[in-house]
Amino acid sequence: MKFKLTFWRVVFIVIMGLGLYSTFIRFFYGLGTVSNMTDQFPWGLWIGFDLLCGVMLAAGGFCIVGAVHLFNVERLHSVVRPAVLTAFLGYVLFIVGLMFDLGRPWYIWHQLIYMNPHSVMFEVGICVMSYTTVLFFEFLPNVFERFNLKTPIEWIKKIYPVLIILGILLSTLHQSSLGSLYLIMPSKLHPFWYTPALPFLFFGSAIAVGLAMTIFESTQSAKAFGRHLELPVLVELGGALLVALWVNALLRFEDYFHRGMLGQIIKPSYEAYFLWLELALAFVIPITMLSFKKVRLSPNGLYLASVCTVLGFITNRLNVSLIGFETYVGHHYMPKWTEFSVTLMIIAAGFALFGLAVKYLPIFPEVRVPVKERFRTELAVAATPVLGHAGD
Amino acid sequence: MSKALLYDATICIGCKQCESACAHQNKLPYDDKVAAESVQSEHKYTVVLTKDDKFMRRLCMNCDHPACASVCPVGAMHKTKEGPVVYDVWKCIGCRYCMVACAFSQPKYEWNSLNPRVRKCIMCPDRIAAGKQTACAEICPTGATKFGERDDLIKEAQDRIRQNPSTYLPRIYGLNEVGGTSVLILCSMKVEEYGYPVSAKIGDTPMPEYTGRVMERIPDFIPVWTLVLGGIYWVSHRREEVAAAEAEEKNGSKQ
């Protein structure tokens, strides 16, 4: 296959190059050189974005698997595989990201022998390890099908109900526990974001973002891989997203109401600006948009509303993990460019791996073609090779 | 019985001998440059701060219910029965949750090391085990830092306040804060002026309880949620089976 230098490929190569440079700095000069983290700000972008947002963005896996296999909503069947693939890649890459952030990543296996059941971090660690294993098994049938291995598919089918229930159980636990991580910092985290309801809010937002991400990636894949866009599926997801957003919004309102914060959140302040941005992106704009039937039935409308939701909840998690600590610490934290570049490298790798998987595995069943033909079509559509998808 | 340190800021003369003794005890470099540093760091576990000619020491409070120990995923920190909160470096994976969780922001990190450790005052556990005082208490020329049984030190602190009510603020910082600490502070100026967290803000509740309330529900949550999920699965798939069976029956009766 001839290698053509497209715009996105250049971007991809630049991101990878800078990321590898930062990786070198991280492992040969240490965390102090590669990041702007300090004793006052021991958790930076890599925890705030890679961990908190990464796990949230991969929530589509358990949401869709739950809808289709637990509640038997057959109509959504076509998005199960891409959702599971996104989740599996998301978790694997998140674990890779963790290797950058941990001071002594080579001891990560200590989690399995020196267990501290009182630690939320321990629970998150165990759940993430187990859930990644579950996702691996949920993903395996793609590989077996690709090579026409019938027997192992039968095995997986037999344990599938267990995998589904285990996957949802583990997701419930660690999605909410990411919020519980912050429960121990009542005096440090700003009251806009510190609330005993954190685990519930984190779980709720994971579901909303899981649905929004599925809409986003279905639309994106349709564009990138020239697939037919399944509008009925998106419309269904859009409706569910609207409900999820309302539930989240009510939870937030209840929380502020019960803590008597409503008067404070409308007063302008540094934190309030970030809170408003978060609330506007996560609730006001997408809920308003999705309330119009016209938007709910249009691919572009659904796409924009989901992007908005995702950005809103990313803002939320960055507020919880970074902005919410600035008043306590007394100064701002701005990630160093090397921190950004590691995060970008991981995201770019995710896009590329997704593209590769779609290309070689039966992720989108309706475009499945016999291998020989597949190869021929590949040559024909050489203009859309793997790296070309890294971001378009 | 639990040991503790009583630091009386009103008799501290700011000689910084505790800083140097601490550095010596922990095999850390100490010279004029380090002495001039007014922040704690991975090479300076304790610091004597000066404000309006009054002094204040900062060091790890060695809490009775340490947040750092409760949050550590690998249990690298623990409270010993003698009082010190100690750190087992060989367990540490470097997640730095202890640093984020500590209400006093005491754990510091070796940011520039390739095999970084968490660093903080660990209240000289080896010396205490050998029946000695902590290095800082032993060297203190005025007795501003005093080592002893926690209960005795509390009584002594209360006596000092009673005898000189005009000198002291009427409270012992660390007596009840976050459920009590092994470092007790007496002073004439508010400790908050020196960067200590406001007592009203950190409260008297032991920090581990904040996450403990959630964590203790998990063992119950797992079986209940599994049953609920299994139930939903069974119901939604049962419906399908029934529908299939009914369809078959219909077909059968037609034939």
# chains A, B, ... in the order shown; residues from 1 in each chain; ligands from 1

call {"tool": "interface_residues", "arguments": {"of": "chain B", "to": "chain A", "cutoff": "7 Å", "atoms": "only C-alpha atoms", "output": "ChimeraX atom specification"}}
result
/B:70-75,91,93-96,99-101,103,108-109,111-116,201-202,207-208,210-212,215,225-226,229-230,232-233,236-237

call {"tool": "write_last_selection", "arguments": {"atoms": "C-alpha atoms", "output": "PDB file, in the first residue's frame"}}
result
ATOM      1  CA  SER B  70      -6.796   5.014  54.779  1.00  0.00           C
ATOM      2  CA  VAL B  71      -6.535   6.148  51.158  1.00  0.00           C
ATOM      3  CA  CYS B  72      -3.343   4.308  50.215  1.00  0.00           C
ATOM      4  CA  PRO B  73      -4.343   1.549  47.756  1.00  0.00           C
ATOM      5  CA  VAL B  74      -1.450  -0.655  48.840  1.00  0.00           C
ATOM      6  CA  GLY B  75      -1.474   0.230  52.545  1.00  0.00           C
ATOM      7  CA  LYS B  91       4.908  -1.034  48.877  1.00  0.00           C
ATOM      8  CA  ILE B  93       3.215   2.615  43.753  1.00  0.00           C
ATOM      9  CA  GLY B  94       3.407   6.412  43.629  1.00  0.00           C
ATOM     10  CA  CYS B  95      -0.258   7.322  43.117  1.00  0.00           C
ATOM     11  CA  ARG B  96       0.092  10.326  45.469  1.00  0.00           C
ATOM     12  CA  MET B  99      -0.712  13.866  49.341  1.00  0.00           C
ATOM     13  CA  VAL B 100      -4.087  14.907  47.952  1.00  0.00           C
ATOM     14  CA  ALA B 101      -6.059  13.429  50.839  1.00  0.00           C
ATOM     15  CA  ALA B 103      -5.891  17.797  55.318  1.00  0.00           C
ATOM     16  CA  LYS B 108       5.840  15.692  49.984  1.00  0.00           C
ATOM     17  CA  TYR B 109       7.175  14.034  46.871  1.00  0.00           C
ATOM     18  CA  TRP B 111       9.469  14.972  42.028  1.00  0.00           C
ATOM     19  CA  ASN B 112      12.897  14.797  40.451  1.00  0.00           C
ATOM     20  CA  SER B 113      13.661  11.205  41.338  1.00  0.00           C
ATOM     21  CA  LEU B 114      13.207   8.343  38.888  1.00  0.00           C
ATOM     22  CA  ASN B 115      12.089   6.105  41.750  1.00  0.00           C
ATOM     23  CA  PRO B 116      10.292   8.715  43.815  1.00  0.00           C
ATOM     24  CA  LYS B 201     -13.018  23.722  58.254  1.00  0.00           C
ATOM     25  CA  ILE B 202     -11.303  20.381  58.815  1.00  0.00           C
ATOM     26  CA  MET B 207     -10.983  11.887  57.723  1.00  0.00           C
ATOM     27  CA  PRO B 208     -11.262   8.155  56.866  1.00  0.00           C
ATOM     28  CA  TYR B 210     -15.762  10.457  54.758  1.00  0.00           C
ATOM     29  CA  THR B 211     -14.835   7.683  52.356  1.00  0.00           C
ATOM     30  CA  GLY B 212     -15.536   4.918  54.871  1.00  0.00           C
ATOM     31  CA  MET B 215     -16.747   1.967  51.226  1.00  0.00           C
ATOM     32  CA  TRP B 225     -26.878  -5.156  42.675  1.00  0.00           C
ATOM     33  CA  THR B 226     -25.827  -8.488  41.153  1.00  0.00           C
ATOM     34  CA  LEU B 229     -29.017  -7.080  37.357  1.00  0.00           C
ATOM     35  CA  GLY B 230     -29.506 -10.841  37.150  1.00  0.00           C
ATOM     36  CA  ILE B 232     -33.515  -7.777  34.975  1.00  0.00           C
ATOM     37  CA  TYR B 233     -31.602 -10.067  32.644  1.00  0.00           C
ATOM     38  CA  SER B 236     -36.132  -9.394  29.809  1.00  0.00           C
ATOM     39  CA  HIS B 237     -34.870 -12.619  28.269  1.00  0.00           C
TER      40      HIS B 237
END

call {"tool": "residues_around", "arguments": {"residues": "A:Leu277", "least_positions_apart": "3", "cutoff": "12 Å", "atoms": "only C-alpha atoms", "output": "ChimeraX atom specification"}}
result
/A:265,270-274,280-285,308-309,311-316,318-319

call {"tool": "write_last_selection", "arguments": {"atoms": "N, CA and C atoms", "output": "compact mmCIF listing (two decimals), in the first residue's frame"}}
result
# COMPACT_ATOMS: atom_id res chain seq x y z
N ILE A 265 -23.99 29.97 43.86
CA ILE A 265 -23.53 29.62 42.51
C ILE A 265 -23.91 30.67 41.48
N TYR A 270 -14.34 33.34 40.42
CA TYR A 270 -13.49 32.55 39.55
C TYR A 270 -14.10 31.17 39.33
N GLU A 271 -14.48 30.52 40.46
CA GLU A 271 -15.05 29.17 40.35
C GLU A 271 -16.40 29.20 39.65
N ALA A 272 -17.18 30.27 39.92
CA ALA A 272 -18.51 30.34 39.34
C ALA A 272 -18.46 30.36 37.81
N TYR A 273 -17.44 31.07 37.26
CA TYR A 273 -17.35 31.11 35.79
C TYR A 273 -17.17 29.70 35.23
N PHE A 274 -16.31 28.93 35.88
CA PHE A 274 -16.09 27.56 35.40
C PHE A 274 -17.34 26.70 35.61
N ALA A 280 -23.66 25.16 31.46
CA ALA A 280 -24.18 25.54 30.14
C ALA A 280 -23.92 24.42 29.14
N LEU A 281 -22.67 23.92 29.10
CA LEU A 281 -22.31 22.90 28.12
C LEU A 281 -22.97 21.56 28.42
N ALA A 282 -23.03 21.19 29.69
CA ALA A 282 -23.53 19.86 30.03
C ALA A 282 -25.04 19.80 30.08
N PHE A 283 -25.69 20.90 30.47
CA PHE A 283 -27.14 20.83 30.65
C PHE A 283 -27.92 21.79 29.77
N VAL A 284 -27.67 23.09 29.94
CA VAL A 284 -28.54 24.08 29.30
C VAL A 284 -28.59 23.88 27.79
N ILE A 285 -27.43 23.87 27.13
CA ILE A 285 -27.43 23.79 25.66
C ILE A 285 -27.97 22.44 25.16
N CYS A 308 -21.54 18.66 22.73
CA CYS A 308 -21.72 19.64 23.79
C CYS A 308 -21.77 18.94 25.16
N THR A 309 -22.56 17.86 25.24
CA THR A 309 -22.66 17.11 26.48
C THR A 309 -21.30 16.61 26.93
N LEU A 311 -18.28 17.69 26.13
CA LEU A 311 -17.43 18.80 26.56
C LEU A 311 -17.86 19.31 27.94
N GLY A 312 -19.18 19.37 28.15
CA GLY A 312 -19.69 19.84 29.44
C GLY A 312 -19.23 18.98 30.59
N PHE A 313 -19.32 17.65 30.42
CA PHE A 313 -18.94 16.78 31.52
C PHE A 313 -17.42 16.67 31.67
N ILE A 314 -16.69 16.89 30.57
CA ILE A 314 -15.23 16.97 30.70
C ILE A 314 -14.90 18.19 31.56
N THR A 315 -15.57 19.31 31.28
CA THR A 315 -15.36 20.51 32.10
C THR A 315 -15.68 20.20 33.56
N ASN A 316 -16.77 19.47 33.77
CA ASN A 316 -17.15 19.12 35.14
C ASN A 316 -16.04 18.37 35.85
N LEU A 318 -12.85 18.22 35.11
CA LEU A 318 -11.65 19.04 35.30
C LEU A 318 -11.88 20.04 36.43
N ASN A 319 -13.12 20.50 36.57
CA ASN A 319 -13.43 21.38 37.69
C ASN A 319 -13.25 20.66 39.01

call {"tool": "select_by_dssp", "arguments": {"residues": "stretch 121-233 of chain B", "states": "strand (DSSP E or B)", "output": "ChimeraX atom specification"}}
result
/B:145-149,173,181,183-186

call {"tool": "residues_around", "arguments": {"residues": "stretch 81-91 of chain A", "least_positions_apart": "2", "cutoff": "6 Å", "atoms": "only C-alpha atoms", "output": "NGL selection string"}}
result
:A and (58 or 60-61 or 79 or 93-94 or 135 or 363)

call {"tool": "write_last_selection", "arguments": {"atoms": "C-alpha atoms", "output": "mmCIF file, in the first residue's frame"}}
result
data_model
loop_
_atom_site.group_PDB
_atom_site.id
_atom_site.type_symbol
_atom_site.label_atom_id
_atom_site.label_comp_id
_atom_site.auth_asym_id
_atom_site.auth_seq_id
_atom_site.Cartn_x
_atom_site.Cartn_y
_atom_site.Cartn_z
ATOM 1 C CA ALA A 58 -15.402 4.863 27.838
ATOM 2 C CA GLY A 60 -20.563 3.872 26.417
ATOM 3 C CA GLY A 61 -19.475 0.241 26.624
ATOM 4 C CA VAL A 79 -23.807 -0.092 18.126
ATOM 5 C CA LEU A 93 -5.096 3.297 26.959
ATOM 6 C CA PHE A 94 -6.140 4.643 30.317
ATOM 7 C CA LEU A 135 -14.120 -6.024 28.109
ATOM 8 C CA ILE A 363 -16.932 -4.252 14.180
#

call {"tool": "residues_around", "arguments": {"residues": "A:Leu304", "least_positions_apart": "3", "cutoff": "10 Å", "atoms": "only C-alpha atoms", "output": "list in words"}}
result
Ala212, Ile215, Phe216, Ile285, Pro286, Met289, Leu290, Val295, Pro299, Asn300, Gly301, Val307, Cys308, Thr309 and Val310 of chain A

call {"tool": "atom_distance", "arguments": {"atom1": "atom CA of B:Asp152", "atom2": "atom CA of B:Ala23"}}
result
27.6 Å

call {"tool": "residues_around", "arguments": {"residues": "A:Ser78", "least_positions_apart": "2", "cutoff": "9 Å", "atoms": "only C-alpha atoms", "output": "PyMOL selection string"}}
result
chain A and resi 74-76+80-82+230+233+364-366

call {"tool": "residues_around", "arguments": {"residues": "A:Ile207", "least_positions_apart": "3", "cutoff": "9 Å", "atoms": "only C-alpha atoms", "output": "ChimeraX atom specification"}}
result
/A:56,59-60,62-63,202-204,210-212,241,244
